[in-house]
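Since the structure comes first, as structure tokens, the remarks are kept for the end.
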Amino acid sequence: MTPDTRPHPEEAQSAISKDGIGDPGFAVYVHWPFCQAKCPYCDFNSHVRQGGINEARFRSAYLAELDHMRAFTGPREVGSVFFGGGTPSRMMPETTTAILERIARNWTLGAGAEITLEANPTSVEADKFSGFRAAGVNRVSVGLQALNDTDLKALGRTHDVSEGLAALTIAQNHFERVSFDLIYARPRQTLEGWRDELAKALRLATGHMSLYQLTIEEGTPFAALHEAGKLKCPDESLARDFYVMTQELCGEAGLPAYEVSNHAVPGEESLHNLGYWRGGDYAGVGPGAHGRLQFDGARHALSNLYAPENWAERVLAQGHGIETSERLPGSEIAEEYLLMGMRLSEGIELSRYAALGGEIDYITIATLETDALVRVEEDRVMATADGRLVLNSVIAALAG
């Protein structure tokens, strides 16, 4: 059954700003689900279309859904736009231009808005990047994933190290702000090998890196291999050593972790992702995209149809591809803020957590502080380095 997705713009306002505690802002996420190949560790909504796609048709669907989202939100200022995927760098720059122009028409695109596009090395071309830059993209995130060819092949990547580094150079020549991703704690990877690889990465970095521990996601080819005993990953103790080394080396190089898996020179943090972790509003457009929006006097969680062609067909027929729209109770809003905010080095504001409906147990906080798992600074509680090693337990204790 199609959910009631009728917008009521007169009700569109931020639950945070309404409470007078400070507004984390409003963002737009654009999901482009198409890839050249599906990586065996990936459980994202990404798809391979060997025969290509009708990009003009999909472009029309994105523009229509952006119009629908504008009706939900009313006038807002957009602080960030993120083209994620999939592989957004596979879209034509003309599509990026059209989407950004529609965002600017529907809302106010702030003068300092961060506009990020994810790119895989195999889809990076200088001419194409010039087109993205002309469209308004001002930040790029390159999916390097590894800096040795053997592991790139094992991860199912279709580029080699030389191609990855060439893509990074192209990106850095076109954009002032460039990030890249690496995966560590890979099968058969050693601590010494990761130390050398990370040292090289830090020499290449210009402000931001996302460093993810490999996780085995249900339903992926890696999960099947792992269950069959054909894929051996570092055990919990070794994975912890990988994480600790990563924090130490990045901190020493001036790129401390501002979030569990994200490292940046102070001032180079991803504004878009900070908006998620701080509990901001965001409109999600595209197949399988999620959003958090305030309308009808409440915060809602929205999710779109998963299959790209089904999503496009629905949008072009009805103006949107929303599959579910759930009104979030106050307790769930507070829980999301706790779960997301405690991933940040800055932690959460206790007064805001309480205003959102969370219950604060000061005895538990004092116990965690005595155990050196959290630190309290005025109105903020944040995980310490030791606390981050057991972050799930810390969050569970704070949640009661």
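Lettering and numbering for the structure tokens are positional, with chains as A, B, ... in the shown order, residues counted from 1 in each chain, and ligands counted from 1 in the shown order.
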Strand (DSSP E or B) residues, from DSSP on the backbone, in region 241-355 of chain A, as a PyMOL selection string: chain A and resi 257-259+262-264+281-285+290-295+298-304+322-327+344+348-349
Take the residues that were just selected and, keeping N, CA and C atoms, output them as a CSV table (one decimal), in the first residue's frame.
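File written: part31.csv
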chain,number,residue,atom,x,y,z
A,257,ALA,N,40.5,11.4,14.1
A,257,ALA,CA,39.2,10.9,13.8
A,257,ALA,C,38.2,11.9,14.4
A,258,TYR,N,37.3,12.4,13.6
A,258,TYR,CA,36.2,13.2,14.1
A,258,TYR,C,34.9,12.4,14.2
A,259,GLU,N,35.0,11.2,13.6
A,259,GLU,CA,34.0,10.2,13.7
A,259,GLU,C,34.7,8.8,13.6
A,262,ASN,N,36.1,8.3,10.2
A,262,ASN,CA,36.4,9.4,9.3
A,262,ASN,C,37.4,10.3,10.0
A,263,HIS,N,38.5,10.7,9.2
A,263,HIS,CA,39.6,11.5,9.7
A,263,HIS,C,39.8,12.7,8.9
A,264,ALA,N,40.1,13.8,9.6
A,264,ALA,CA,40.2,15.1,8.8
A,264,ALA,C,41.2,16.0,9.5
A,281,ASP,N,18.0,17.4,9.4
A,281,ASP,CA,17.0,17.0,8.4
A,281,ASP,C,17.7,16.8,7.1
A,282,TYR,N,17.2,15.8,6.3
A,282,TYR,CA,17.8,15.6,4.9
A,282,TYR,C,16.7,15.0,4.1
A,283,ALA,N,16.7,15.4,2.8
A,283,ALA,CA,15.8,14.8,1.8
A,283,ALA,C,16.6,13.8,1.0
A,284,GLY,N,16.1,12.6,0.9
A,284,GLY,CA,16.8,11.6,0.1
A,284,GLY,C,16.0,11.4,-1.2
A,285,VAL,N,16.7,11.5,-2.3
A,285,VAL,CA,16.1,11.2,-3.6
A,285,VAL,C,16.9,10.2,-4.3
A,290,HIS,N,17.1,7.2,1.6
A,290,HIS,CA,16.4,7.4,2.9
A,290,HIS,C,16.4,8.9,3.2
A,291,GLY,N,15.4,9.4,4.0
A,291,GLY,CA,15.4,10.8,4.4
A,291,GLY,C,14.9,10.9,5.8
A,292,ARG,N,15.1,12.0,6.4
A,292,ARG,CA,14.5,12.4,7.7
A,292,ARG,C,14.0,13.9,7.6
A,293,LEU,N,12.7,14.0,7.6
A,293,LEU,CA,12.1,15.3,7.4
A,293,LEU,C,11.0,15.6,8.4
A,294,GLN,N,10.8,16.9,8.7
A,294,GLN,CA,9.8,17.4,9.6
A,294,GLN,C,8.6,17.9,8.8
A,295,PHE,N,7.5,17.2,9.0
A,295,PHE,CA,6.2,17.7,8.5
A,295,PHE,C,5.1,17.2,9.3
A,298,ALA,N,5.7,16.6,13.0
A,298,ALA,CA,6.5,15.5,13.5
A,298,ALA,C,7.7,15.2,12.6
A,299,ARG,N,8.7,14.5,13.1
A,299,ARG,CA,9.8,14.1,12.3
A,299,ARG,C,9.5,12.7,11.7
A,300,HIS,N,9.7,12.5,10.4
A,300,HIS,CA,9.4,11.3,9.7
A,300,HIS,C,10.7,10.7,9.1
A,301,ALA,N,10.6,9.3,9.0
A,301,ALA,CA,11.7,8.6,8.3
A,301,ALA,C,11.0,8.1,7.0
A,302,LEU,N,11.7,8.5,5.9
A,302,LEU,CA,11.2,8.1,4.6
A,302,LEU,C,12.2,7.2,3.9
A,303,SER,N,11.7,6.3,3.1
A,303,SER,CA,12.5,5.4,2.3
A,303,SER,C,11.9,5.2,1.0
A,304,ASN,N,12.7,5.1,-0.1
A,304,ASN,CA,12.2,5.0,-1.4
A,304,ASN,C,12.3,3.5,-1.9
A,322,ILE,N,8.5,7.2,-3.0
A,322,ILE,CA,8.5,6.9,-1.5
A,322,ILE,C,7.7,5.6,-1.3
A,323,GLU,N,8.4,4.7,-0.6
A,323,GLU,CA,7.7,3.4,-0.3
A,323,GLU,C,7.2,3.4,1.1
A,324,THR,N,7.9,4.0,2.1
A,324,THR,CA,7.4,4.0,3.4
A,324,THR,C,7.7,5.4,4.0
A,325,SER,N,6.8,5.9,4.8
A,325,SER,CA,6.9,7.1,5.5
A,325,SER,C,6.4,6.9,7.0
A,326,GLU,N,7.3,6.9,7.9
A,326,GLU,CA,7.0,6.6,9.3
A,326,GLU,C,7.2,7.8,10.2
A,327,ARG,N,6.1,8.1,11.0
A,327,ARG,CA,6.2,9.1,11.9
A,327,ARG,C,7.0,8.6,13.1
A,344,LEU,N,30.6,10.6,17.0
A,344,LEU,CA,31.5,11.7,16.8
A,344,LEU,C,32.4,12.0,18.0
A,348,ILE,N,27.6,14.2,22.3
A,348,ILE,CA,26.2,14.8,22.2
A,348,ILE,C,26.0,15.8,23.2
A,349,GLU,N,25.1,16.7,23.0
A,349,GLU,CA,24.6,17.7,24.0
A,349,GLU,C,23.6,17.1,24.8
Need the shell around Pro287 (chain A): protein/DNA/RNA residues with any atom at most 8 Å away, counting only C-alpha atoms. Skip same-chain ones fewer than 5 positions apart. Format as a PyMOL selection string? chain A and resi 31-33+45+304-308+311-312+321
Just-selected residues, N, CA and C atoms written as a CSV table (one decimal), in the first residue's frame:
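That gives us selection-v8.csv:
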chain,number,residue,atom,x,y,z
A,31,HIS,N,20.9,9.6,-4.5
A,31,HIS,CA,21.5,8.3,-4.7
A,31,HIS,C,21.5,7.9,-6.2
A,32,TRP,N,22.7,7.6,-6.7
A,32,TRP,CA,22.9,7.1,-8.1
A,32,TRP,C,23.3,5.7,-8.0
A,33,PRO,N,22.5,4.7,-8.3
A,33,PRO,CA,22.7,3.3,-7.9
A,33,PRO,C,23.5,2.5,-8.9
A,45,ASN,N,22.7,-0.3,-2.1
A,45,ASN,CA,21.8,-0.4,-3.3
A,45,ASN,C,22.5,0.0,-4.5
A,304,ASN,N,12.7,5.1,-0.1
A,304,ASN,CA,12.2,5.0,-1.4
A,304,ASN,C,12.3,3.5,-1.9
A,305,LEU,N,11.5,3.3,-3.0
A,305,LEU,CA,11.6,2.0,-3.6
A,305,LEU,C,13.0,1.6,-4.0
A,306,TYR,N,13.4,0.4,-3.8
A,306,TYR,CA,14.8,-0.1,-4.0
A,306,TYR,C,15.2,-0.2,-5.4
A,307,ALA,N,14.4,-0.9,-6.2
A,307,ALA,CA,14.8,-1.2,-7.6
A,307,ALA,C,14.8,0.0,-8.5
A,308,PRO,N,15.9,0.4,-9.1
A,308,PRO,CA,16.0,1.6,-9.9
A,308,PRO,C,14.8,1.8,-10.9
A,311,TRP,N,11.5,2.4,-9.2
A,311,TRP,CA,11.5,3.7,-8.6
A,311,TRP,C,11.2,4.8,-9.7
A,312,ALA,N,11.9,4.7,-10.8
A,312,ALA,CA,11.7,5.7,-11.9
A,312,ALA,C,10.3,5.7,-12.4
A,321,GLY,N,8.9,8.4,-5.4
A,321,GLY,CA,9.2,7.0,-5.3
A,321,GLY,C,9.2,6.5,-3.9
Sel. of alpha helix (DSSP H) residues, region 281-360 of chain A, as a PyMOL selection string: chain A and resi 308-318+330-341+350-355
Produce a file of the selected residues containing C-alpha atoms, as a compact mmCIF listing (two decimals), in the first residue's frame.
# COMPACT_ATOMS: atom_id res chain seq x y z
CA PRO A 308 15.96 1.61 -9.89
CA GLU A 309 13.54 0.98 -12.74
CA ASN A 310 10.58 0.52 -10.38
CA TRP A 311 11.51 3.74 -8.61
CA ALA A 312 11.72 5.71 -11.86
CA GLU A 313 8.42 4.33 -13.10
CA ARG A 314 6.68 5.26 -9.83
CA VAL A 315 8.17 8.77 -9.77
CA LEU A 316 7.25 9.56 -13.36
CA ALA A 317 3.69 8.34 -12.72
CA GLN A 318 3.10 9.76 -9.23
CA GLY A 330 10.13 11.24 20.46
CA SER A 331 11.92 8.32 22.08
CA GLU A 332 13.14 7.08 18.70
CA ILE A 333 14.34 10.55 17.66
CA ALA A 334 16.37 10.77 20.87
CA GLU A 335 17.71 7.25 20.34
CA GLU A 336 18.87 8.12 16.81
CA TYR A 337 20.62 11.23 18.11
CA LEU A 338 22.39 9.17 20.76
CA LEU A 339 23.41 6.39 18.35
CA MET A 340 24.69 8.76 15.70
CA GLY A 341 26.07 11.53 17.90
CA LEU A 350 22.83 16.38 27.02
CA SER A 351 20.33 19.25 27.03
CA ARG A 352 19.39 18.53 23.43
CA TYR A 353 19.16 14.80 24.09
CA ALA A 354 16.76 15.51 26.95
CA ALA A 355 14.70 17.97 24.86
For Leu249 (chain A), work out the shell of residues within 12 Å, counting only C-alpha atoms and skipping chain neighbours fewer than 2 positions away, then give it as an mmCIF file with C-alpha atoms, in the first residue's frame.
data_model
loop_
_atom_site.group_PDB
_atom_site.id
_atom_site.type_symbol
_atom_site.label_atom_id
_atom_site.label_comp_id
_atom_site.auth_asym_id
_atom_site.auth_seq_id
_atom_site.Cartn_x
_atom_site.Cartn_y
_atom_site.Cartn_z
ATOM 1 C CA TRP A 194 48.708 -1.711 6.949
ATOM 2 C CA ARG A 195 51.218 0.566 8.679
ATOM 3 C CA ASP A 196 53.133 0.998 5.410
ATOM 4 C CA GLU A 197 49.959 1.422 3.356
ATOM 5 C CA LEU A 198 48.459 3.958 5.744
ATOM 6 C CA ALA A 199 51.713 5.925 5.853
ATOM 7 C CA LYS A 200 51.570 6.199 2.070
ATOM 8 C CA ALA A 201 47.914 7.222 2.225
ATOM 9 C CA LEU A 202 48.667 9.950 4.732
ATOM 10 C CA ARG A 203 51.272 11.379 2.371
ATOM 11 C CA PHE A 242 44.287 -2.427 13.399
ATOM 12 C CA TYR A 243 41.886 0.203 14.726
ATOM 13 C CA VAL A 244 44.251 1.450 17.450
ATOM 14 C CA MET A 245 47.138 1.735 14.986
ATOM 15 C CA THR A 246 44.923 3.645 12.586
ATOM 16 C CA GLN A 247 43.937 6.169 15.257
ATOM 17 C CA GLY A 251 46.436 11.530 14.912
ATOM 18 C CA GLU A 252 50.192 11.921 14.628
ATOM 19 C CA ALA A 253 49.801 13.043 10.996
ATOM 20 C CA GLY A 254 47.277 15.750 11.902
ATOM 21 C CA LEU A 255 44.152 13.911 10.672
ATOM 22 C CA PRO A 256 42.450 12.823 13.903
ATOM 23 C CA ALA A 257 39.189 10.897 13.845
ATOM 24 C CA HIS A 263 39.601 11.457 9.728
#
Please identify all polymer residues within 12 Å of region 152-167 of chain A, counting only C-alpha atoms, omitting same-chain residues fewer than 6 positions from it, and present them as a ChimeraX atom specification. /A:35-42,89,119-126,128-129,140-146,173-174,178-184,186-189,197,200-201,204-205,214,221-222,231
Point-to-point distance in Å for CA of Thr190 (chain A) and CA of Val390 (chain A):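 Pair CA of Val390 (chain A) / CA of Thr190 (chain A) returns 22.6 Å.
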How many Å separate CA of Arg105 (chain A) from CA of Val30 (chain A)?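 Result for CA of Arg105 (chain A) versus CA of Val30 (chain A): 15.9 Å, one decimal.
Across the model, the gap from CA of Gly25 (chain A) to CA of Cys250 (chain A) is 28.6 Å.
Nearest to Arg76 (chain A) of all the residues A:Leu356, A:Met91, A:Ala56, A:Ala27 is A:Ala27, counting only C-alpha atoms.
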